[in-house]
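Text of work_1.pdb, listed as PDB, C-alpha atoms:
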ATOM      1  CA  MET P  30     -16.468   4.665  -9.541
ATOM      2  CA  ARG P  31     -14.223   1.671  -8.928
ATOM      3  CA  THR P  32     -15.829  -0.233  -6.074
ATOM      4  CA  ARG P  33     -14.121  -3.627  -6.182
ATOM      5  CA  GLU P  34     -10.509  -2.919  -5.352
ATOM      6  CA  ILE P  35      -8.590  -4.873  -2.732
ATOM      7  CA  ARG P  36      -7.386  -2.542   0.013
ATOM      8  CA  ALA P  37      -4.945  -4.076   2.479
ATOM      9  CA  CYS P  38      -1.837  -3.674   4.576
ATOM     10  CA  HIS P  39       0.814  -5.152   2.326
ATOM     11  CA  ASP P  40       4.465  -4.941   1.447
ATOM     12  CA  ARG P  41       6.670  -6.495  -1.201
ATOM     13  CA  ASP P  42       6.381 -10.001   0.244
ATOM     14  CA  SER P  43       3.218 -10.165   2.353
ATOM     15  CA  ILE P  44      -0.372  -9.108   2.879
ATOM     16  CA  THR P  45      -2.229  -8.929   6.185
ATOM     17  CA  VAL P  46      -5.665 -10.516   6.521
ATOM     18  CA  TYR P  47      -7.919 -10.548   9.566
ATOM     19  CA  GLN P  48      -9.895 -13.231  11.334
ATOM     20  CA  ALA P  49     -11.826 -13.333  14.605
ATOM     21  CA  TYR P  50     -12.071 -16.388  16.814
ATOM     22  CA  ALA P  51     -12.968 -17.490  20.293
ATOM     23  CA  PRO P  52     -10.034 -17.077  22.720
ATOM     24  CA  GLU P  53      -9.349 -20.820  22.834
ATOM     25  CA  ILE P  54      -8.477 -20.709  19.104
ATOM     26  CA  GLY P  55      -7.162 -17.163  18.745
ATOM     27  CA  GLY P  56      -4.867 -17.216  21.772
ATOM     28  CA  PRO P  57      -2.858 -20.307  20.776
ATOM     29  CA  ALA P  58      -2.694 -19.102  17.152
ATOM     30  CA  ALA P  59      -1.081 -15.818  18.209
ATOM     31  CA  GLU P  60       1.245 -17.629  20.617
ATOM     32  CA  HIS P  61       2.445 -20.138  18.001
ATOM     33  CA  GLY P  62       2.385 -17.815  14.996
ATOM     34  CA  THR P  63       0.080 -20.176  13.113
ATOM     35  CA  PHE P  64      -3.115 -22.101  13.703
ATOM     36  CA  VAL P  65      -2.977 -25.093  16.033
ATOM     37  CA  PRO P  66      -5.729 -27.278  17.530
ATOM     38  CA  PRO P  67      -8.525 -26.707  18.398
ATOM     39  CA  PHE P  68      -8.508 -24.783  15.071
ATOM     40  CA  SER P  69     -10.193 -27.077  12.544
ATOM     41  CA  ARG P  70      -8.621 -27.787   9.184
ATOM     42  CA  HIS P  71     -11.788 -29.588   8.101
ATOM     43  CA  ARG P  72     -14.080 -26.611   7.511
ATOM     44  CA  MET P  73     -14.021 -23.459   5.422
ATOM     45  CA  THR P  74     -12.133 -20.509   6.924
ATOM     46  CA  TRP P  75     -12.675 -16.926   5.750
ATOM     47  CA  ILE P  76      -9.901 -14.327   5.529
ATOM     48  CA  LYS P  77     -10.459 -10.599   5.040
ATOM     49  CA  PRO P  78      -7.916  -7.808   4.381
ATOM     50  CA  SER P  79     -10.288  -5.082   5.628
ATOM     51  CA  PHE P  80      -9.873  -4.347   9.343
ATOM     52  CA  LEU P  81     -13.080  -2.288   9.508
ATOM     53  CA  TRP P  82     -15.130  -4.984   7.766
ATOM     54  CA  LEU P  83     -14.029  -7.466  10.419
ATOM     55  CA  MET P  84     -14.774  -4.945  13.164
ATOM     56  CA  ALA P  85     -18.341  -4.661  11.876
ATOM     57  CA  ARG P  86     -18.614  -8.451  11.623
ATOM     58  CA  SER P  87     -17.185  -9.150  15.082
ATOM     59  CA  ASP P  88     -18.764  -6.086  16.741
ATOM     60  CA  TRP P  89     -15.310  -4.880  17.784
ATOM     61  CA  ALA P  90     -14.366  -8.299  19.199
ATOM     62  CA  ARG P  91     -17.514  -8.477  21.345
ATOM     63  CA  ARG P  92     -19.569 -11.042  19.415
ATOM     64  CA  PRO P  93     -19.534 -14.524  21.018
ATOM     65  CA  GLY P  94     -16.975 -16.743  19.316
ATOM     66  CA  GLN P  95     -15.218 -13.718  17.772
ATOM     67  CA  GLU P  96     -13.639 -12.132  20.842
ATOM     68  CA  THR P  97     -10.053 -12.486  19.599
ATOM     69  CA  VAL P  98      -9.019 -10.451  16.547
ATOM     70  CA  LEU P  99      -6.035 -11.826  14.659
ATOM     71  CA  ALA P 100      -3.864 -10.104  12.078
ATOM     72  CA  VAL P 101      -2.535 -12.923   9.913
ATOM     73  CA  ARG P 102       0.427 -12.039   7.706
ATOM     74  CA  ILE P 103       0.562 -14.327   4.682
ATOM     75  CA  SER P 104       2.831 -14.431   1.659
ATOM     76  CA  ARG P 105       1.720 -12.575  -1.426
ATOM     77  CA  THR P 106       2.489 -15.771  -3.316
ATOM     78  CA  GLY P 107      -0.052 -17.627  -1.187
ATOM     79  CA  TRP P 108      -2.629 -14.853  -1.455
ATOM     80  CA  GLU P 109      -2.371 -14.789  -5.231
ATOM     81  CA  GLU P 110      -2.444 -18.595  -5.383
ATOM     82  CA  ALA P 111      -5.738 -18.482  -3.484
ATOM     83  CA  LEU P 112      -7.124 -15.860  -5.868
ATOM     84  CA  SER P 113      -6.021 -17.917  -8.872
ATOM     85  CA  LEU P 114      -8.213 -20.789  -7.605
ATOM     86  CA  ALA P 115     -11.143 -18.616  -6.538
ATOM     87  CA  VAL P 116     -14.674 -18.551  -7.885
ATOM     88  CA  PRO P 117     -17.064 -15.728  -6.898
ATOM     89  CA  THR P 118     -20.054 -16.657  -4.756
ATOM     90  CA  ASP P 119     -22.472 -15.077  -7.234
ATOM     91  CA  PRO P 120     -22.795 -15.424 -11.034
ATOM     92  CA  ASP P 121     -21.075 -12.118 -11.821
ATOM     93  CA  ARG P 122     -21.578 -11.333 -15.526
ATOM     94  CA  ARG P 123     -18.103  -9.779 -15.632
ATOM     95  CA  VAL P 124     -16.675 -13.236 -14.879
ATOM     96  CA  PHE P 125     -19.133 -15.812 -16.265
ATOM     97  CA  ARG P 126     -21.042 -16.172 -19.534
ATOM     98  CA  GLY P 127     -24.116 -17.343 -17.632
ATOM     99  CA  SER P 128     -25.514 -19.027 -14.544
ATOM    100  CA  ASP P 129     -24.784 -22.538 -15.823
ATOM    101  CA  GLU P 130     -21.075 -21.808 -16.223
ATOM    102  CA  TRP P 131     -20.987 -20.272 -12.748
ATOM    103  CA  ARG P 132     -22.765 -23.274 -11.191
ATOM    104  CA  ARG P 133     -20.317 -25.709 -12.796
ATOM    105  CA  ARG P 134     -17.246 -23.785 -11.653
ATOM    106  CA  PHE P 135     -18.571 -22.993  -8.190
ATOM    107  CA  ALA P 136     -19.398 -26.653  -7.515
ATOM    108  CA  ASP P 137     -15.714 -27.535  -7.931
ATOM    109  CA  ALA P 138     -14.196 -24.422  -6.324
ATOM    110  CA  VAL P 139     -11.730 -24.850  -3.460
ATOM    111  CA  VAL P 140     -11.651 -21.082  -2.858
ATOM    112  CA  HIS P 141     -14.642 -18.712  -2.757
ATOM    113  CA  VAL P 142     -14.587 -14.940  -3.270
ATOM    114  CA  GLN P 143     -17.269 -12.684  -1.849
ATOM    115  CA  TRP P 144     -17.545  -8.908  -2.242
ATOM    116  CA  ASP P 145     -19.384  -7.286   0.682
ATOM    117  CA  PRO P 146     -20.048  -3.613   1.419
ATOM    118  CA  GLU P 147     -17.009  -2.007   3.012
ATOM    119  CA  ARG P 148     -17.667  -0.379   6.379
ATOM    120  CA  SER P 149     -16.986   3.053   7.754
ATOM    121  CA  LEU P 150     -15.332   3.621  11.111
ATOM    122  CA  HIS P 151     -18.836   3.785  12.619
ATOM    123  CA  GLY P 152     -19.978   0.569  10.900
ATOM    124  CA  ARG P 153     -22.030   2.181   8.133
ATOM    125  CA  LYS P 154     -22.155   0.262   4.839
ATOM    126  CA  LEU P 155     -20.242   2.001   2.042
ATOM    127  CA  GLU P 156     -20.579   1.830  -1.728
ATOM    128  CA  ALA P 157     -17.083   0.349  -2.042
ATOM    129  CA  ARG P 158     -16.853  -3.410  -1.742
ATOM    130  CA  SER P 159     -14.534  -5.378   0.510
ATOM    131  CA  ILE P 160     -13.212  -8.789  -0.476
ATOM    132  CA  GLN P 161     -13.313 -11.866   1.676
ATOM    133  CA  ILE P 162     -11.820 -15.176   0.660
ATOM    134  CA  GLY P 163     -13.233 -18.530   1.761
ATOM    135  CA  LEU P 164     -10.612 -21.273   1.939
ATOM    136  CA  SER P 165     -12.219 -24.702   1.809
ATOM    137  CA  ARG P 166     -10.961 -27.709   3.745
ATOM    138  CA  HIS P 167      -9.203 -28.805   0.550
ATOM    139  CA  ILE P 168      -6.757 -25.879   0.739
ATOM    140  CA  VAL P 169      -6.638 -24.900   4.427
ATOM    141  CA  ASP P 170      -3.466 -26.980   4.887
ATOM    142  CA  ARG P 171      -1.685 -24.766   2.333
ATOM    143  CA  TYR P 172      -2.828 -21.682   4.235
ATOM    144  CA  VAL P 173      -1.737 -22.933   7.644
ATOM    145  CA  ASP P 174       1.479 -24.741   6.676
ATOM    146  CA  ASP P 175       2.817 -22.714   3.738
ATOM    147  CA  TRP P 176       1.304 -19.242   3.442
ATOM    148  CA  ILE P 177       1.202 -17.913   7.004
ATOM    149  CA  LEU P 178       4.274 -15.888   7.961
ATOM    150  CA  GLY P 179       3.036 -14.823  11.391
ATOM    151  CA  ILE P 180      -0.014 -14.029  13.515
ATOM    152  CA  GLU P 181      -0.534 -11.138  15.934
ATOM    153  CA  ASP P 182      -3.354 -10.618  18.405
ATOM    154  CA  ARG P 183      -5.009  -7.265  17.599
ATOM    155  CA  THR P 184      -7.813  -7.572  20.151
ATOM    156  CA  ALA P 185      -6.408  -4.815  22.378
ATOM    157  CA  LEU P 186      -6.184  -2.487  19.372
ATOM    158  CA  ALA P 187      -9.791  -3.226  18.400
ATOM    159  CA  ARG P 188     -10.996  -2.487  21.928
ATOM    160  CA  LYS P 189      -8.948   0.698  22.176
ATOM    161  CA  ILE P 190     -10.323   2.059  18.895
ATOM    162  CA  HIS P 191     -13.860   1.126  19.930
ATOM    163  CA  GLY P 192     -13.393   2.822  23.299
ATOM    164  CA  LEU P 193     -12.254   6.012  21.599
ATOM    165  CA  LEU P 194     -15.280   5.917  19.307
ATOM    166  CA  LYS P 195     -17.646   5.489  22.250
ATOM    167  CA  ALA P 196     -15.958   8.466  23.915
ATOM    168  CA  GLY P 197     -16.571  10.589  20.815
ATOM    169  CA  ARG P 198     -12.862  10.773  19.982
ATOM    170  CA  THR P 199     -13.194   9.847  16.313
ATOM    171  CA  PRO P 200      -9.958  11.488  15.047
ATOM    172  CA  GLN P 201      -7.899   9.612  17.660
ATOM    173  CA  ALA P 202      -9.673   6.348  16.770
ATOM    174  CA  ARG P 203      -9.074   6.893  13.044
ATOM    175  CA  ALA P 204      -5.364   7.530  13.656
ATOM    176  CA  LEU P 205      -4.988   4.023  15.118
ATOM    177  CA  LEU P 206      -6.488   2.169  12.149
ATOM    178  CA  PRO P 207      -4.143  -0.075  10.160
ATOM    179  CA  LYS P 208      -2.985   1.713   6.991
ATOM    180  CA  GLU P 209      -4.594  -0.098   4.069
ATOM    181  CA  HIS P 210      -3.686   0.668   0.458
ATOM    182  CA  ILE P 211      -4.828  -0.673  -2.906
ATOM    183  CA  TYR P 212      -3.285  -4.066  -3.603
ATOM    184  CA  PRO P 213      -1.992  -4.254  -7.196
ATOM    185  CA  LEU P 214      -3.666  -7.236  -8.833
ATOM    186  CA  PRO P 215      -2.379  -8.812 -12.029
ATOM    187  CA  PRO P 216      -5.102  -8.316 -14.701
ATOM    188  CA  ALA P 217      -5.784 -12.052 -15.051
ATOM    189  CA  LEU P 218      -6.517 -12.362 -11.335
ATOM    190  CA  ALA P 219      -8.672  -9.234 -11.340
ATOM    191  CA  ASP P 220     -10.737 -10.700 -14.183
ATOM    192  CA  ARG P 221     -11.077 -14.037 -12.403
ATOM    193  CA  ILE P 222     -12.536 -12.559  -9.218
ATOM    194  CA  GLY P 223     -14.540  -9.694 -10.735
ATOM    195  CA  ALA P 224     -12.354  -6.899  -9.396
ATOM    196  CA  ASP P 225     -12.386  -3.455 -11.003
TER     197      ASP P 225
END
Translate this structure into structure tokens?
Amino acid sequence: MRTREIRACHDRDSITVYQAYAPEIGGPAAEHGTFVPPFSRHRMTWIKPSFLWLMARSDWARRPGQETVLAVRISRTGWEEALSLAVPTDPDRRVFRGSDEWRRRFADAVVHVQWDPERSLHGRKLEARSIQIGLSRHIVDRYVDDWILGIEDRTALARKIHGLLKAGRTPQARALLPKEHIYPLPPALADRIGAD
């Protein structure tokens, strides 16, 4: 079974990733269509193309500091640039010859890749893995200034889906999920990040 495939909302030019922030960061970002202060460009920021993974992480926009769910549309060029610079967070034998090689490359990495269990609609961990990309402070400027094409606040959607789930209306909740499809990775990028 192929478990490390990137599933995302994407089109010819863009891919949508998700982030959750406190309202004082998320609100202005949605209003301006990009990140503005108090968003910090001096720390690592993580982007995730899986809506359900972020829902599990943010507890449907209820976890403190993650009450605003953002859908960030970035260029495919930017996304693939990030992947081309990425180093996995573990010494995956499909990517590295050994732990020493991984340690050397990871120490210098400006982008991190982590594969976490994908989540079901009810938050259960699945066998499939979901990618998240950590952008270090050395590349956040490229993300904010060059890659982002727009930002939408999806908090209301998250709360609506969660409300339907709590009411036992799973089919209606599922119908509202963003439609994610396999993102076609060039073989060299797939090899670099340990994708199937």
Exercise: segment 132-135 of chain P partners within 8 Å, only C-alpha atoms, chain neighbours under 3 positions left out, as a ChimeraX atom specification: /P:116-118,120,128-129,138,141
Please write the residues from the selection above to a file, keeping C-alpha atoms, as a short mmCIF file (atom, residue, chain, number, x, y, z; two decimals), keeping the file's coordinate frame.
data_model
loop_
_atom_site.label_atom_id
_atom_site.label_comp_id
_atom_site.auth_asym_id
_atom_site.auth_seq_id
_atom_site.Cartn_x
_atom_site.Cartn_y
_atom_site.Cartn_z
CA VAL P 116 -14.67 -18.55 -7.88
CA PRO P 117 -17.06 -15.73 -6.90
CA THR P 118 -20.05 -16.66 -4.76
CA PRO P 120 -22.80 -15.42 -11.03
CA SER P 128 -25.51 -19.03 -14.54
CA ASP P 129 -24.78 -22.54 -15.82
CA ALA P 138 -14.20 -24.42 -6.32
CA HIS P 141 -14.64 -18.71 -2.76
#
Residue nearest Phe64 of chain P - candidates P:Asp40, P:Lys154, P:Arg105, P:Leu99, atoms counted: all atoms listed in the file: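 Among the listed residues, P:Leu99 lies closest to Phe64 of chain P.
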Polymer residues at most 9 Å from segment 211-218 of chain P, all atoms listed in the file, same-chain spacing of 6 or more positions, as an MDAnalysis selection string: chainID P and resid 34:39 44 109 112:113 224
Would you put the residues from that selection into a file with C-alpha atoms, as a PDB file, keeping the file's coordinate frame?
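Wrote out-v8.pdb, looks like this:
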ATOM      1  CA  GLU P  34     -10.509  -2.919  -5.352  1.00  0.00           C
ATOM      2  CA  ILE P  35      -8.590  -4.873  -2.732  1.00  0.00           C
ATOM      3  CA  ARG P  36      -7.386  -2.542   0.013  1.00  0.00           C
ATOM      4  CA  ALA P  37      -4.945  -4.076   2.479  1.00  0.00           C
ATOM      5  CA  CYS P  38      -1.837  -3.674   4.576  1.00  0.00           C
ATOM      6  CA  HIS P  39       0.814  -5.152   2.326  1.00  0.00           C
ATOM      7  CA  ILE P  44      -0.372  -9.108   2.879  1.00  0.00           C
ATOM      8  CA  GLU P 109      -2.371 -14.789  -5.231  1.00  0.00           C
ATOM      9  CA  LEU P 112      -7.124 -15.860  -5.868  1.00  0.00           C
ATOM     10  CA  SER P 113      -6.021 -17.917  -8.872  1.00  0.00           C
ATOM     11  CA  ALA P 224     -12.354  -6.899  -9.396  1.00  0.00           C
TER      12      ALA P 224
END
10 Å contact set for His191 of chain P, only C-alpha atoms, chain neighbours under 6 positions out, as an MDAnalysis selection string: chainID P and resid 84 88:90 150:151 185 197:199 202
Residue neighbourhood Glu181 of chain P, 7 Å, only C-alpha atoms, exclusion window fewer than 5 positions, as number ranges by chain: P: 59, 99-101
Write the residues of the preceding selection, restricted to C-alpha atoms, as a JSON list (two decimals), in the frame of the given file.
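Contents of out28.json, as written:
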[["chain", "number", "residue", "atom", "x", "y", "z"],
["P", 59, "ALA", "CA", -1.08, -15.82, 18.21],
["P", 99, "LEU", "CA", -6.04, -11.83, 14.66],
["P", 100, "ALA", "CA", -3.86, -10.10, 12.08],
["P", 101, "VAL", "CA", -2.54, -12.92, 9.91]]
The PyMOL selection byres ((chain P and resi 156-163) around 9) resolved against shown file, as a ChimeraX atom specification: /P:30-36,73-79,82,111-112,115,139-148,154-155,164-165
With C-alpha atoms retained, could you export that selection as a short mmCIF file (atom, residue, chain, number, x, y, z; two decimals), in the coordinates of the input?
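See result_29.cif below for the written result:
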data_model
loop_
_atom_site.label_atom_id
_atom_site.label_comp_id
_atom_site.auth_asym_id
_atom_site.auth_seq_id
_atom_site.Cartn_x
_atom_site.Cartn_y
_atom_site.Cartn_z
CA MET P 30 -16.47 4.66 -9.54
CA ARG P 31 -14.22 1.67 -8.93
CA THR P 32 -15.83 -0.23 -6.07
CA ARG P 33 -14.12 -3.63 -6.18
CA GLU P 34 -10.51 -2.92 -5.35
CA ILE P 35 -8.59 -4.87 -2.73
CA ARG P 36 -7.39 -2.54 0.01
CA MET P 73 -14.02 -23.46 5.42
CA THR P 74 -12.13 -20.51 6.92
CA TRP P 75 -12.68 -16.93 5.75
CA ILE P 76 -9.90 -14.33 5.53
CA LYS P 77 -10.46 -10.60 5.04
CA PRO P 78 -7.92 -7.81 4.38
CA SER P 79 -10.29 -5.08 5.63
CA TRP P 82 -15.13 -4.98 7.77
CA ALA P 111 -5.74 -18.48 -3.48
CA LEU P 112 -7.12 -15.86 -5.87
CA ALA P 115 -11.14 -18.62 -6.54
CA VAL P 139 -11.73 -24.85 -3.46
CA VAL P 140 -11.65 -21.08 -2.86
CA HIS P 141 -14.64 -18.71 -2.76
CA VAL P 142 -14.59 -14.94 -3.27
CA GLN P 143 -17.27 -12.68 -1.85
CA TRP P 144 -17.55 -8.91 -2.24
CA ASP P 145 -19.38 -7.29 0.68
CA PRO P 146 -20.05 -3.61 1.42
CA GLU P 147 -17.01 -2.01 3.01
CA ARG P 148 -17.67 -0.38 6.38
CA LYS P 154 -22.16 0.26 4.84
CA LEU P 155 -20.24 2.00 2.04
CA LEU P 164 -10.61 -21.27 1.94
CA SER P 165 -12.22 -24.70 1.81
#
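Atom CA of Asp182 of chain P to atom CA of Glu209 of chain P spans 17.8 Å [interatomic distance, one decimal].
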Nearest to Gly55 of chain P, chosen from P:Ser87, P:Gln95, P:Ser104, P:Ser69, with all atoms listed in the file counted in the distances: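 Nearest to Gly55 of chain P: P:Gln95.
Shortest separation to Glu96 of chain P among P:Leu114, P:Ala49, P:Leu186, P:Ile54 occurs at residue P:Ala49, atoms counted being all atoms listed in the file.
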Distance of atom CA of Phe80 of chain P from atom CA of Pro67 of chain P, expressed in Å to one decimal place: 24.2 Å
Atom CA of Tyr172 of chain P to atom CA of His61 of chain P, distance in Å rounded to a single decimal: 14.8 Å
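Of the residues listed (P:Val98, P:Ala58, P:Leu81, P:Trp176), P:Leu81 shows the shortest atom-to-atom separation from Arg203 of chain P; distances use all atoms listed in the file.
For the set P:Arg92, P:Arg153, P:Arg171, P:Arg126, the residue with the smallest atom-to-atom gap to Thr63 of chain P is P:Arg171, counting all atoms listed in the file.
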Closest of P:Arg122, P:Arg86, P:Arg72, P:Arg91 to Ala51 of chain P - atom-to-atom distances counting only C-alpha atoms: P:Arg91
Residues within 6 Å of (-19.3, -8.1, -10.3), file coords, only C-alpha atoms, listed as a ChimeraX atom specification: /P:121,123,223
Complete segment 196-216 of chain P at the level of N, CA and C atoms, written as a PDB file, keeping the file's coordinate frame.
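Everything below was put into rebuild_22.pdb:
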ATOM      1  N   ALA P 196     -16.230   7.220  23.192  1.00  0.00           N
ATOM      2  CA  ALA P 196     -15.958   8.466  23.915  1.00  0.00           C
ATOM      3  C   ALA P 196     -16.069   9.691  23.011  1.00  0.00           C
ATOM      4  N   GLY P 197     -16.428   9.464  21.740  1.00  0.00           N
ATOM      5  CA  GLY P 197     -16.571  10.589  20.815  1.00  0.00           C
ATOM      6  C   GLY P 197     -15.249  11.115  20.286  1.00  0.00           C
ATOM      7  N   ARG P 198     -14.197  10.330  20.414  1.00  0.00           N
ATOM      8  CA  ARG P 198     -12.862  10.773  19.982  1.00  0.00           C
ATOM      9  C   ARG P 198     -12.512  10.134  18.631  1.00  0.00           C
ATOM     10  N   THR P 199     -13.331  10.466  17.639  1.00  0.00           N
ATOM     11  CA  THR P 199     -13.194   9.847  16.313  1.00  0.00           C
ATOM     12  C   THR P 199     -11.828  10.089  15.669  1.00  0.00           C
ATOM     13  N   PRO P 200     -11.276  11.306  15.683  1.00  0.00           N
ATOM     14  CA  PRO P 200      -9.958  11.488  15.047  1.00  0.00           C
ATOM     15  C   PRO P 200      -8.868  10.612  15.674  1.00  0.00           C
ATOM     16  N   GLN P 201      -8.899  10.458  16.996  1.00  0.00           N
ATOM     17  CA  GLN P 201      -7.899   9.612  17.660  1.00  0.00           C
ATOM     18  C   GLN P 201      -8.112   8.140  17.291  1.00  0.00           C
ATOM     19  N   ALA P 202      -9.374   7.729  17.179  1.00  0.00           N
ATOM     20  CA  ALA P 202      -9.673   6.348  16.770  1.00  0.00           C
ATOM     21  C   ALA P 202      -9.182   6.098  15.353  1.00  0.00           C
ATOM     22  N   ARG P 203      -9.478   7.042  14.454  1.00  0.00           N
ATOM     23  CA  ARG P 203      -9.074   6.893  13.044  1.00  0.00           C
ATOM     24  C   ARG P 203      -7.555   6.794  12.906  1.00  0.00           C
ATOM     25  N   ALA P 204      -6.830   7.527  13.734  1.00  0.00           N
ATOM     26  CA  ALA P 204      -5.364   7.530  13.656  1.00  0.00           C
ATOM     27  C   ALA P 204      -4.765   6.169  13.992  1.00  0.00           C
ATOM     28  N   LEU P 205      -5.500   5.335  14.714  1.00  0.00           N
ATOM     29  CA  LEU P 205      -4.988   4.023  15.118  1.00  0.00           C
ATOM     30  C   LEU P 205      -5.302   2.914  14.116  1.00  0.00           C
ATOM     31  N   LEU P 206      -6.124   3.213  13.117  1.00  0.00           N
ATOM     32  CA  LEU P 206      -6.488   2.169  12.149  1.00  0.00           C
ATOM     33  C   LEU P 206      -5.274   1.703  11.360  1.00  0.00           C
ATOM     34  N   PRO P 207      -5.204   0.409  11.053  1.00  0.00           N
ATOM     35  CA  PRO P 207      -4.143  -0.075  10.160  1.00  0.00           C
ATOM     36  C   PRO P 207      -4.206   0.655   8.819  1.00  0.00           C
ATOM     37  N   LYS P 208      -3.057   0.959   8.251  1.00  0.00           N
ATOM     38  CA  LYS P 208      -2.985   1.713   6.991  1.00  0.00           C
ATOM     39  C   LYS P 208      -3.137   0.752   5.807  1.00  0.00           C
ATOM     40  N   GLU P 209      -4.303   0.782   5.195  1.00  0.00           N
ATOM     41  CA  GLU P 209      -4.594  -0.098   4.069  1.00  0.00           C
ATOM     42  C   GLU P 209      -4.502   0.682   2.760  1.00  0.00           C
ATOM     43  N   HIS P 210      -3.882   0.050   1.772  1.00  0.00           N
ATOM     44  CA  HIS P 210      -3.686   0.668   0.458  1.00  0.00           C
ATOM     45  C   HIS P 210      -4.157  -0.313  -0.615  1.00  0.00           C
ATOM     46  N   ILE P 211      -4.388   0.192  -1.808  1.00  0.00           N
ATOM     47  CA  ILE P 211      -4.828  -0.673  -2.906  1.00  0.00           C
ATOM     48  C   ILE P 211      -3.754  -1.710  -3.209  1.00  0.00           C
ATOM     49  N   TYR P 212      -4.185  -2.961  -3.273  1.00  0.00           N
ATOM     50  CA  TYR P 212      -3.285  -4.066  -3.603  1.00  0.00           C
ATOM     51  C   TYR P 212      -3.261  -4.217  -5.122  1.00  0.00           C
ATOM     52  N   PRO P 213      -2.068  -4.176  -5.731  1.00  0.00           N
ATOM     53  CA  PRO P 213      -1.992  -4.254  -7.196  1.00  0.00           C
ATOM     54  C   PRO P 213      -2.201  -5.684  -7.690  1.00  0.00           C
ATOM     55  N   LEU P 214      -3.334  -5.905  -8.334  1.00  0.00           N
ATOM     56  CA  LEU P 214      -3.666  -7.236  -8.833  1.00  0.00           C
ATOM     57  C   LEU P 214      -3.237  -7.404 -10.279  1.00  0.00           C
ATOM     58  N   PRO P 215      -2.604  -8.520 -10.613  1.00  0.00           N
ATOM     59  CA  PRO P 215      -2.379  -8.812 -12.029  1.00  0.00           C
ATOM     60  C   PRO P 215      -3.725  -8.871 -12.756  1.00  0.00           C
ATOM     61  N   PRO P 216      -3.814  -8.367 -13.985  1.00  0.00           N
ATOM     62  CA  PRO P 216      -5.102  -8.316 -14.701  1.00  0.00           C
ATOM     63  C   PRO P 216      -5.837  -9.653 -14.768  1.00  0.00           C
TER      64      PRO P 216
END
